[in-house]
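S.K.: So here's target33.cif (mmCIF, C-alpha atoms (C1' of nucleotides)).
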data_data
loop_
_atom_site.label_atom_id
_atom_site.label_comp_id
_atom_site.auth_asym_id
_atom_site.auth_seq_id
_atom_site.Cartn_x
_atom_site.Cartn_y
_atom_site.Cartn_z
CA MET A 28 -87.89 120.47 1.50
CA LYS A 29 -84.32 119.53 1.47
CA ALA A 30 -85.29 116.07 2.67
CA GLN A 31 -82.48 115.77 5.10
CA ALA A 32 -80.75 112.39 5.07
CA GLU A 33 -83.04 110.00 6.83
CA PRO A 34 -82.77 106.35 7.55
CA ALA A 35 -83.28 104.49 4.36
CA CYS A 36 -84.37 101.30 5.99
CA PRO A 37 -86.98 100.60 8.61
CA LEU A 38 -84.72 99.96 11.55
CA PRO A 39 -86.41 97.23 13.51
CA THR A 40 -85.30 98.10 16.96
CA ALA A 41 -82.22 100.10 16.36
CA LYS A 42 -80.74 99.27 19.69
CA ARG A 43 -77.54 101.15 19.37
CA ARG A 44 -75.69 99.96 22.37
CA GLY A 45 -72.03 99.26 22.09
CA PRO A 46 -71.37 95.58 21.78
CA VAL A 47 -68.05 94.54 23.14
CA SER A 48 -67.30 93.16 19.72
CA HIS A 49 -67.19 96.64 18.30
CA THR A 50 -64.79 97.71 20.94
CA VAL A 51 -62.68 94.70 20.18
CA SER A 52 -62.59 95.67 16.53
CA ARG A 53 -61.58 99.20 17.30
CA VAL A 54 -59.01 98.17 19.82
CA ALA A 55 -57.65 95.66 17.37
CA ARG A 56 -57.15 98.29 14.75
CA LEU A 57 -55.64 100.83 17.09
CA HIS A 58 -53.41 98.26 18.61
CA ARG A 59 -52.10 97.28 15.23
CA ILE A 60 -51.41 100.86 14.32
CA ALA A 61 -49.60 101.39 17.59
CA ALA A 62 -47.63 98.22 17.00
CA GLY A 63 -46.71 99.46 13.58
CA LYS A 64 -45.38 102.66 15.02
CA VAL A 65 -43.20 101.15 17.67
CA LEU A 66 -41.97 98.43 15.32
CA LYS A 67 -41.04 100.89 12.67
CA LYS A 68 -37.91 101.73 14.57
CA ALA A 69 -36.91 98.11 14.31
CA GLY A 70 -37.69 98.08 10.61
CA LEU A 71 -40.42 95.49 10.93
CA TYR A 72 -44.07 95.44 10.07
CA PRO A 73 -46.61 94.25 12.59
CA GLY A 74 -46.87 90.51 12.40
CA GLN A 75 -43.29 89.92 11.43
CA GLU A 76 -42.18 90.30 15.01
CA PHE A 77 -43.74 87.02 15.99
CA VAL A 78 -41.94 85.14 13.30
CA MET A 79 -38.64 86.78 14.06
CA MET A 80 -39.03 86.17 17.76
CA TYR A 81 -39.66 82.55 17.13
CA LEU A 82 -36.64 82.26 14.92
CA TRP A 83 -34.45 84.11 17.34
CA ASP A 84 -35.01 81.68 20.06
CA ALA A 85 -35.56 78.51 18.12
CA GLY A 86 -32.63 78.85 15.76
CA ALA A 87 -33.07 77.24 12.37
CA ALA A 88 -36.59 76.02 11.91
CA ARG A 89 -38.71 74.43 9.30
CA GLN A 90 -41.34 76.64 7.86
CA SER A 91 -44.01 74.30 9.06
CA ASP A 92 -42.82 74.78 12.61
CA ILE A 93 -43.11 78.50 12.27
CA ILE A 94 -46.58 78.10 10.93
CA LYS A 95 -47.56 75.95 13.85
CA ALA A 96 -45.97 78.39 16.26
CA VAL A 97 -47.62 81.53 15.02
CA GLY A 98 -50.80 79.88 13.86
CA LEU A 99 -51.08 81.73 10.59
CA ASP A 100 -51.98 80.55 7.16
CA PRO A 101 -49.07 78.89 5.33
CA SER A 102 -49.33 81.29 2.45
CA THR A 103 -49.14 84.22 4.79
CA VAL A 104 -45.95 82.90 6.28
CA THR A 105 -44.47 82.19 2.91
CA LYS A 106 -44.97 85.71 1.72
CA MET A 107 -43.84 87.19 4.96
CA LEU A 108 -40.66 85.18 4.85
CA GLN A 109 -40.01 86.22 1.30
CA ARG A 110 -40.14 89.83 2.35
CA LEU A 111 -38.16 89.16 5.46
CA GLU A 112 -35.52 87.46 3.36
CA GLN A 113 -35.45 90.30 0.90
CA ALA A 114 -34.99 92.66 3.81
CA GLY A 115 -32.05 90.60 4.98
CA HIS A 116 -33.57 89.53 8.26
CA VAL A 117 -33.85 85.91 7.40
CA GLN A 118 -32.13 83.25 5.39
CA ARG A 119 -33.86 80.37 3.70
CA ARG A 120 -32.50 77.17 2.27
CA PRO A 121 -33.98 73.83 1.28
CA ASP A 122 -34.03 71.21 3.96
CA PRO A 123 -31.64 68.42 2.99
CA ASP A 124 -33.54 65.84 5.02
CA ASP A 125 -36.89 66.60 3.55
CA ARG A 126 -36.57 68.21 0.22
CA ARG A 127 -40.03 69.65 0.15
CA GLY A 128 -39.33 71.60 3.30
CA VAL A 129 -37.55 74.88 3.80
CA LEU A 130 -35.21 75.74 6.61
CA VAL A 131 -35.38 79.26 7.86
CA GLU A 132 -32.91 81.02 10.05
CA ALA A 133 -32.52 84.53 11.37
CA THR A 134 -29.49 86.24 9.91
CA GLU A 135 -26.63 87.53 11.98
CA THR A 136 -27.53 91.10 11.30
CA SER A 137 -31.10 90.51 12.32
CA CYS A 138 -29.96 89.79 15.84
CA GLY A 139 -29.49 93.47 16.32
CA LEU A 140 -33.22 93.85 16.03
CA LEU A 141 -33.95 91.64 18.97
CA ALA A 142 -33.38 94.39 21.44
CA ASP A 143 -35.43 96.82 19.39
CA VAL A 144 -38.31 94.43 19.18
CA GLU A 145 -38.28 93.74 22.87
CA GLU A 146 -38.19 97.41 23.57
CA ALA A 147 -41.00 97.99 21.12
CA TRP A 148 -43.06 95.35 22.84
CA GLY A 149 -42.40 96.95 26.17
CA GLU A 150 -43.45 100.31 24.85
CA LEU A 151 -46.55 98.90 23.30
CA GLU A 152 -47.42 97.16 26.50
CA ASP A 153 -47.03 100.38 28.43
CA GLN A 154 -49.07 102.34 25.98
CA THR A 155 -51.78 99.76 25.96
CA LEU A 156 -52.08 99.40 29.68
CA ALA A 157 -51.39 102.95 30.73
CA GLY A 158 -53.33 103.91 33.78
CA LEU A 159 -54.32 100.39 34.72
CA ASP A 160 -53.15 99.05 38.03
CA GLU A 161 -51.99 95.53 38.59
CA ARG A 162 -55.42 94.23 39.42
CA ASP A 163 -56.91 95.66 36.27
CA ARG A 164 -54.13 94.25 34.17
CA ALA A 165 -54.52 90.83 35.61
CA GLU A 166 -58.24 91.02 35.13
CA LEU A 167 -57.85 92.13 31.54
CA ALA A 168 -55.42 89.33 30.85
CA ARG A 169 -57.80 86.84 32.33
CA LEU A 170 -60.80 88.07 30.38
CA LEU A 171 -58.90 88.31 27.13
CA GLY A 172 -57.69 84.80 27.70
CA ARG A 173 -61.24 83.59 27.95
CA VAL A 174 -62.24 85.52 24.89
CA GLU A 175 -59.33 84.06 23.02
CA ALA A 176 -60.31 80.57 24.00
CA ASN A 177 -63.87 81.26 22.92
CA LEU A 178 -62.86 82.56 19.55
CA ARG A 179 -60.31 79.87 19.03
CA ALA A 180 -62.94 77.25 19.61
CA GLU A 181 -65.23 79.06 17.26
CA THR A 182 -62.86 79.68 14.40
CA ALA A 183 -61.15 76.34 14.38
CA ASP A 184 -64.03 74.06 13.74
CA CYS A 185 -63.66 71.76 16.64
CA PRO A 186 -61.23 68.92 16.13
CA GLU A 187 -57.96 70.69 16.50
CA ALA A 188 -56.81 73.71 18.39
CA ALA A 189 -59.68 73.44 20.79
CA ARG A 190 -57.31 71.47 22.89
CA ALA A 191 -58.96 71.40 26.25
CA SER A 192 -62.51 71.83 25.19
CA GLU A 193 -65.40 69.53 25.30
CA CYS A 194 -66.20 69.93 21.69
CA THR A 195 -69.11 67.64 22.22
CA GLU A 196 -71.70 70.30 21.92
CA ALA A 197 -73.22 70.75 18.55
CA ALA A 198 -76.10 73.04 19.27
CA GLU A 199 -75.29 76.18 21.18
CA GLY A 200 -78.59 77.21 22.58
CA GLY A 201 -79.51 80.15 20.46
CA SER A 202 -81.96 81.41 23.03
CA MET B 26 -23.70 66.11 14.83
CA LYS B 27 -27.27 66.99 14.20
CA ALA B 28 -26.64 70.34 15.85
CA GLN B 29 -30.12 70.67 17.10
CA ALA B 30 -31.61 74.11 16.45
CA GLU B 31 -30.31 76.39 19.10
CA PRO B 32 -30.90 80.04 19.73
CA ALA B 33 -29.02 82.01 17.17
CA CYS B 34 -28.81 85.11 19.25
CA PRO B 35 -27.69 85.68 22.79
CA LEU B 36 -31.04 86.23 24.36
CA PRO B 37 -30.46 88.88 26.97
CA THR B 38 -32.97 87.87 29.51
CA ALA B 39 -35.41 85.89 27.49
CA LYS B 40 -38.26 86.71 29.73
CA ARG B 41 -40.96 84.88 27.96
CA ARG B 42 -43.98 86.02 29.83
CA GLY B 43 -47.14 86.72 27.94
CA PRO B 44 -47.64 90.40 27.51
CA VAL B 45 -51.23 91.42 27.22
CA SER B 46 -50.31 92.95 23.89
CA HIS B 47 -49.72 89.53 22.44
CA THR B 48 -53.06 88.39 23.62
CA VAL B 49 -54.61 91.45 22.10
CA SER B 50 -52.99 90.63 18.78
CA ARG B 51 -54.20 87.09 18.85
CA VAL B 52 -57.66 88.05 19.92
CA ALA B 53 -57.75 90.67 17.21
CA ARG B 54 -56.96 88.15 14.56
CA LEU B 55 -59.34 85.53 15.84
CA HIS B 56 -62.06 88.07 16.26
CA ARG B 57 -61.68 89.18 12.69
CA ILE B 58 -61.83 85.63 11.43
CA ALA B 59 -64.93 85.00 13.47
CA ALA B 60 -66.44 88.20 12.15
CA GLY B 61 -65.66 87.10 8.64
CA LYS B 62 -67.47 83.84 9.20
CA VAL B 63 -70.64 85.30 10.58
CA LEU B 64 -70.68 88.09 8.04
CA LYS B 65 -70.24 85.75 5.16
CA LYS B 66 -73.89 84.84 5.36
CA ALA B 67 -74.72 88.48 4.80
CA GLY B 68 -72.31 88.65 1.89
CA LEU B 69 -70.09 91.22 3.52
CA TYR B 70 -66.44 91.28 4.45
CA PRO B 71 -65.37 92.36 7.89
CA GLY B 72 -65.09 96.10 7.98
CA GLN B 73 -67.84 96.75 5.51
CA GLU B 74 -70.46 96.22 8.17
CA PHE B 75 -69.58 99.46 9.87
CA VAL B 76 -69.95 101.46 6.72
CA MET B 77 -73.22 99.81 5.82
CA MET B 78 -74.58 100.26 9.30
CA TYR B 79 -73.77 103.91 9.17
CA LEU B 80 -75.45 104.30 5.83
CA TRP B 81 -78.48 102.38 6.89
CA ASP B 82 -79.25 104.69 9.67
CA ALA B 83 -77.91 107.92 8.31
CA GLY B 84 -79.42 107.70 4.86
CA ALA B 85 -77.50 109.44 2.12
CA ALA B 86 -74.19 110.65 3.37
CA ARG B 87 -71.11 112.35 2.08
CA GLN B 88 -68.10 110.16 1.95
CA SER B 89 -66.29 112.44 4.32
CA ASP B 90 -68.99 111.82 6.91
CA ILE B 91 -68.53 108.12 6.60
CA ILE B 92 -64.83 108.54 7.02
CA LYS B 93 -65.32 110.56 10.14
CA ALA B 94 -67.82 108.06 11.45
CA VAL B 95 -65.76 104.96 11.01
CA GLY B 96 -62.42 106.62 11.52
CA LEU B 97 -60.64 104.89 8.68
CA ASP B 98 -58.28 106.19 6.10
CA PRO B 99 -60.03 107.95 3.20
CA SER B 100 -58.46 105.68 0.66
CA THR B 101 -59.67 102.66 2.54
CA VAL B 102 -63.19 103.94 2.44
CA THR B 103 -62.96 104.81 -1.22
CA LYS B 104 -61.93 101.34 -2.18
CA MET B 105 -64.40 99.73 0.11
CA LEU B 106 -67.22 101.77 -1.37
CA GLN B 107 -66.15 100.87 -4.86
CA ARG B 108 -66.45 97.22 -3.99
CA LEU B 109 -69.67 97.78 -2.13
CA GLU B 110 -71.06 99.58 -5.14
CA GLN B 111 -69.96 96.85 -7.47
CA ALA B 112 -71.67 94.36 -5.19
CA GLY B 113 -74.84 96.41 -5.43
CA HIS B 114 -75.02 97.32 -1.78
CA VAL B 115 -74.42 100.96 -2.27
CA GLN B 116 -75.06 103.72 -4.73
CA ARG B 117 -72.78 106.67 -5.32
CA ARG B 118 -73.38 109.92 -7.10
CA PRO B 119 -71.68 113.28 -7.18
CA ASP B 120 -72.90 115.80 -4.68
CA PRO B 121 -74.62 118.64 -6.53
CA ASP B 122 -73.92 121.12 -3.74
CA ASP B 123 -70.26 120.41 -3.52
CA ARG B 124 -68.97 118.98 -6.70
CA ARG B 125 -65.84 117.51 -5.23
CA GLY B 126 -67.86 115.40 -2.84
CA VAL B 127 -69.63 112.12 -3.34
CA LEU B 128 -72.99 111.15 -1.95
CA VAL B 129 -73.36 107.59 -0.89
CA GLU B 130 -76.52 105.75 -0.14
CA ALA B 131 -77.44 102.22 0.71
CA THR B 132 -79.43 100.58 -2.04
CA GLU B 133 -82.91 99.22 -1.56
CA THR B 134 -81.76 95.68 -1.91
CA SER B 135 -79.07 96.19 0.67
CA CYS B 136 -81.70 96.78 3.29
CA GLY B 137 -82.29 93.09 3.36
CA LEU B 138 -78.85 92.69 4.80
CA LEU B 139 -79.59 94.78 7.82
CA ALA B 140 -81.18 91.94 9.67
CA ASP B 141 -78.39 89.58 8.69
CA VAL B 142 -75.78 91.96 9.92
CA GLU B 143 -77.49 92.50 13.21
CA GLU B 144 -77.85 88.80 13.63
CA ALA B 145 -74.23 88.32 12.73
CA TRP B 146 -73.24 90.86 15.32
CA GLY B 147 -75.33 89.13 17.89
CA GLU B 148 -73.74 85.83 17.09
CA LEU B 149 -70.29 87.27 17.20
CA GLU B 150 -71.03 88.88 20.51
CA ASP B 151 -72.24 85.60 21.91
CA GLN B 152 -69.26 83.71 20.62
CA THR B 153 -66.88 86.28 21.95
CA LEU B 154 -68.35 86.48 25.40
CA ALA B 155 -69.41 82.89 25.87
CA GLY B 156 -69.08 81.80 29.43
CA LEU B 157 -68.71 85.28 30.85
CA ASP B 158 -71.30 86.51 33.29
CA GLU B 159 -72.62 90.02 33.38
CA ARG B 160 -69.98 91.25 35.76
CA ASP B 161 -67.18 89.94 33.63
CA ARG B 162 -68.67 91.44 30.53
CA ALA B 163 -69.02 94.80 32.11
CA GLU B 164 -65.50 94.60 33.41
CA LEU B 165 -64.19 93.63 30.02
CA ALA B 166 -66.04 96.47 28.40
CA ARG B 167 -64.64 98.88 30.90
CA LEU B 168 -61.07 97.70 30.52
CA LEU B 169 -61.24 97.62 26.76
CA GLY B 170 -62.61 101.10 26.86
CA ARG B 171 -59.58 102.28 28.76
CA VAL B 172 -57.26 100.46 26.43
CA GLU B 173 -58.99 102.02 23.48
CA ALA B 174 -58.59 105.46 24.96
CA ASN B 175 -54.94 104.79 25.61
CA LEU B 176 -54.26 103.62 22.12
CA ARG B 177 -56.30 106.35 20.57
CA ALA B 178 -54.26 108.92 22.39
CA GLU B 179 -51.12 107.17 21.29
CA THR B 180 -51.89 106.68 17.65
CA ALA B 181 -53.38 110.04 16.93
CA ASP B 182 -50.47 112.26 17.63
CA CYS B 183 -51.98 114.55 20.12
CA PRO B 184 -53.87 117.49 18.66
CA GLU B 185 -56.99 115.79 17.49
CA ALA B 186 -58.87 112.77 18.58
CA ALA B 187 -57.26 112.89 21.98
CA ARG B 188 -60.20 114.92 22.97
CA ALA B 189 -60.13 114.83 26.70
CA SER B 190 -56.48 114.20 27.24
CA GLU B 191 -53.81 116.29 28.74
CA CYS B 192 -51.49 115.90 25.85
CA THR B 193 -49.02 118.10 27.61
CA GLU B 194 -46.52 115.41 28.30
CA ALA B 195 -43.69 115.03 25.87
CA ALA B 196 -41.36 112.68 27.65
CA GLU B 197 -42.84 109.43 28.80
CA GLY B 198 -40.50 108.27 31.49
CA GLY B 199 -38.81 105.07 30.36
CA SER B 200 -38.43 102.34 32.92
"C1'" DC C 7 -42.86 47.91 -6.11
"C1'" DA C 8 -46.62 50.78 -8.15
"C1'" DG C 9 -50.40 53.89 -6.89
"C1'" DA C 10 -52.87 56.61 -3.66
"C1'" DA C 11 -52.95 59.67 0.14
"C1'" DT C 12 -50.66 63.23 2.70
"C1'" DA C 13 -47.53 66.79 3.91
"C1'" DA C 14 -44.88 71.15 2.79
"C1'" DC C 15 -44.66 74.98 0.29
"C1'" DT C 16 -45.89 78.36 -3.62
"C1'" DT C 17 -48.67 81.17 -6.57
"C1'" DG C 18 -52.51 84.05 -7.60
"C1'" DG C 19 -56.40 86.40 -6.25
"C1'" DC C 20 -58.97 89.15 -3.11
"C1'" DC C 21 -59.85 92.21 1.13
"C1'" DG C 22 -58.97 95.55 4.67
"C1'" DA C 23 -55.74 98.90 6.03
"C1'" DC C 24 -51.96 102.16 5.72
"C1'" DC C 25 -49.15 105.99 3.44
"C1'" DA C 26 -47.76 109.07 -0.16
"C1'" DA C 27 -49.07 111.78 -4.12
"C1'" DG C 28 -52.00 113.81 -7.05
"C1'" DG C 29 -56.21 116.15 -9.23
"C1'" DA C 30 -60.54 118.94 -8.57
"C1'" DA C 31 -63.51 122.01 -6.50
"C1'" DT C 32 -64.23 125.27 -2.85
"C1'" DG C 33 -63.08 128.79 0.53
"C1'" DA C 34 -60.12 132.44 2.55
"C1'" DG C 35 -56.84 136.43 2.13
"C1'" DT C 36 -55.17 140.28 0.16
"C1'" DA D 1 -60.15 139.29 -9.03
"C1'" DC D 2 -56.36 136.48 -8.27
"C1'" DT D 3 -53.72 133.72 -5.65
"C1'" DC D 4 -53.19 130.33 -1.96
"C1'" DA D 5 -54.59 127.05 1.22
"C1'" DT D 6 -58.11 123.47 2.37
"C1'" DT D 7 -61.04 119.98 1.70
"C1'" DC D 8 -62.55 115.77 -0.71
"C1'" DC D 9 -61.67 112.09 -3.12
"C1'" DT D 10 -58.84 108.88 -6.15
"C1'" DT D 11 -54.83 106.19 -7.65
"C1'" DG D 12 -50.86 103.42 -6.81
"C1'" DG D 13 -48.05 101.02 -3.92
"C1'" DT D 14 -47.07 97.94 0.15
"C1'" DC D 15 -48.35 94.69 4.04
"C1'" DG D 16 -50.70 91.38 6.70
"C1'" DG D 17 -54.34 88.05 6.26
"C1'" DC D 18 -57.35 84.65 4.04
"C1'" DC D 19 -58.80 80.97 0.53
"C1'" DA D 20 -58.39 78.03 -3.45
"C1'" DA D 21 -55.37 75.48 -6.45
"C1'" DG D 22 -51.40 73.61 -7.80
"C1'" DT D 23 -46.42 71.41 -7.38
"C1'" DT D 24 -43.21 68.56 -5.51
"C1'" DA D 25 -41.72 65.11 -1.97
"C1'" DT D 26 -42.58 61.74 1.17
"C1'" DT D 27 -45.12 58.20 3.15
"C1'" DC D 28 -48.66 54.95 3.44
"C1'" DT D 29 -50.86 51.56 1.55
"C1'" DG D 30 -52.21 47.35 -1.57
#
Output the file's structure as structure tokens, nothing else.
M.R.:
Amino acid sequence: MKAQAEPACPLPTAKRRGPVSHTVSRVARLHRIAAGKVLKKAGLYPGQEFVMMYLWDAGAARQSDIIKAVGLDPSTVTKMLQRLEQAGHVQRRPDPDDRRGVLVEATETSCGLLADVEEAWGELEDQTLAGLDERDRAELARLLGRVEANLRAETADCPEAARASECTEAAEGGS
Amino acid sequence: MKAQAEPACPLPTAKRRGPVSHTVSRVARLHRIAAGKVLKKAGLYPGQEFVMMYLWDAGAARQSDIIKAVGLDPSTVTKMLQRLEQAGHVQRRPDPDDRRGVLVEATETSCGLLADVEEAWGELEDQTLAGLDERDRAELARLLGRVEANLRAETADCPEAARASECTEAAEGGS
DNA sequence: CAGAATAACTTGGCCGACCAAGGAATGAGT
DNA sequence: ACTCATTCCTTGGTCGGCCAAGTTATTCTG
């Protein structure tokens, strides 16, 4: 009688195997959470580390360079830098040579974070790869590299970013 | 004179190797973008697919069940369901048996999306794993599984979720 | 040299995701 | 029966991301 919660749709095949994509999604989320935790000590939010790292070793940089370096959307970087500036980690000023540009530089005080960030990365790396031997790590790096290339080719249409790809295939045999 | 952008901080060692963690971050982002693209055809945003999939094969469900199933924060699920409801993919009503709960169910019309979502997943899987043979895929799945377990144990403090873990180690030897 | 294209940001909007608090209903303890 | 703790959900805030438009400079034409 109680008509216990049944499938509402006629599942065609309902092959519930675990696509790697799902695992990637889960790992992505967990990894970000873990990153957030270890970065918290440095006072940064996940994502900001990449920008700061770039600034730390590039010195003053135009915003467009940062964007190219981290590969994010310009608006994302803008907002991130605004927060970073407000937090005192970064200093922004108009570029005298190109007045539509903005020069960004890590502040003195922010340099203290460098060590924290590197430590955080080390921790994260250890946490992520715990229990994997060298061979596994290398293998994982290799496979993730391939996956990254795949996705990069797929997300960026074709022209750019897909640097060393053929790009001359329009139809990917859909089987 | 042009004082060409130099490191602003005394980089200690500046070991710029590529930690797997960075690759994971990049892959995570790219994967999400790719997911967004393939899901767009179904009219869903990345993340919603998991909820809908659960609802499609579980029928009516309490919100708490969904939360447990997808493992997200309750507030995330609440907001997602509000949007899903507004989009007509889902129907919510108070649970008569437990008046603080909410029963959620996929709408009739949403069933049409099932096929799209499964197709999208297939596409995403293909894009992600393009060029990898069966052995590589299996290997990747295995390694990601380990990484997931690692991160899961790390993010969830210890008590819960770390189901089959020792959890009896407090100090993780540095170095 | 004027006008069009392009480059470099910014703003606003929207989403997923988190945390921190808070309001209801239910369940457990005494 | 009354209190107290739990559970379930919501609201509000903050962040990282994206996209779509818009603004201001610079450059590339004609």
S.K.: Per residue of chain A within 8 Å of chain B, which atom pair is closest and at what distance in Å (one decimal), using all atoms listed in the file, listed by chain and increasing number, as CSV?
M.R.:
residue,atom,partner,partner_atom,distance
A:Ala32,CA,B:Gly84,CA,4.9
A:Glu33,CA,B:Gly84,CA,4.7
A:Pro34,CA,B:Asp82,CA,4.4
A:Ala35,CA,B:Gly84,CA,5.0
A:Cys36,CA,B:Cys136,CA,5.9
A:Leu38,CA,B:Asp82,CA,7.5
A:Pro46,CA,B:Glu150,CA,6.8
A:Val47,CA,B:Ala166,CA,6.0
A:Ser48,CA,B:Glu150,CA,5.7
A:Thr50,CA,B:Leu169,CA,6.8
A:Val51,CA,B:Ala53,CA,7.0
A:Ser52,CA,B:Ala53,CA,7.0
A:Arg53,CA,B:Glu173,CA,7.3
A:Val54,CA,B:Glu173,CA,5.3
A:Ala55,CA,B:Ala53,CA,5.0
A:Leu57,CA,B:Leu176,CA,5.9
A:His58,CA,B:Leu176,CA,6.5
A:Arg59,CA,B:Ser50,CA,7.6
A:Ile60,CA,B:Thr180,CA,6.7
A:Ala61,CA,B:Thr180,CA,5.8
A:Leu82,CA,B:Pro32,CA,7.8
A:Trp83,CA,B:Ala33,CA,5.8
A:Asp84,CA,B:Pro32,CA,4.4
A:Ala85,CA,B:Pro32,CA,5.2
A:Gly86,CA,B:Pro32,CA,4.5
A:Ala87,CA,B:Ala30,CA,5.3
A:Ala88,CA,B:Ala30,CA,7.0
A:Ala133,CA,B:Ala33,CA,7.2
A:Glu135,CA,B:Ala33,CA,7.9
A:Cys138,CA,B:Cys34,CA,5.9
A:Trp148,CA,B:Ser46,CA,7.7
A:Leu151,CA,B:Ser46,CA,7.1
A:Glu152,CA,B:Ser46,CA,5.7
A:Gln154,CA,B:Asn175,CA,6.4
A:Thr155,CA,B:Val172,CA,5.5
A:Leu156,CA,B:Val172,CA,6.2
A:Ala157,CA,B:Asn175,CA,6.5
A:Asp163,CA,B:Leu168,CA,7.4
A:Leu167,CA,B:Leu168,CA,6.5
A:Ala168,CA,B:Val45,CA,5.9
A:Leu170,CA,B:Leu165,CA,6.5
A:Leu171,CA,B:Thr48,CA,6.8
A:Gly172,CA,B:Thr48,CA,7.1
A:Val174,CA,B:Thr153,CA,5.5
A:Glu175,CA,B:Val52,CA,5.3
A:Asn177,CA,B:Thr153,CA,5.9
A:Leu178,CA,B:Leu55,CA,5.9
A:Arg179,CA,B:Leu55,CA,6.6
A:Glu181,CA,B:Gln152,CA,7.0
A:Thr182,CA,B:Ala59,CA,5.8
S.K.: Expanded to explicit residues, what is the PyMOL selection byres ((chain C) within 12 of (chain A)) for this file, as a ChimeraX atom specification?
M.R.: /C:13-18,22-24
S.K.: Using all atoms listed in the file, which protein or nucleic acid residues come within 10 Å of D:DA5? Drop anything in the same chain fewer than 2 positions from it, and give the result as a list in words.
M.R.: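 That gives DG33, DA34 and DG35 of chain C; DT3 and DT7 of chain D.
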S.K.: Set the cut-off to 10 Å and count all atoms listed in the file: what are the residues of chain D that reach chain A? Output as a list in words.
M.R.: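 That gives DC15, DG16, DG17, DC18, DC19, DT24, DA25 and DT26 of chain D for chain D.
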S.K.: Would you work out the distance separating atom CA of A:Ala114 from atom CA of A:Lys95, expressed in Å to one decimal?
M.R.: 23.2 Å
S.K.: Rounded to one decimal place, report the atom CA of A:Leu140-atom CA of A:Gln109 distance in Å.
M.R.: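 So the answer is 17.9 Å.
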S.K.: Could you write out as a PyMOL selection string the residues that the PyMOL selection byres ((chain D and resi 28) around 8) matches in the shown file?
M.R.: (chain C and resi 11) or (chain D and resi 27+29)
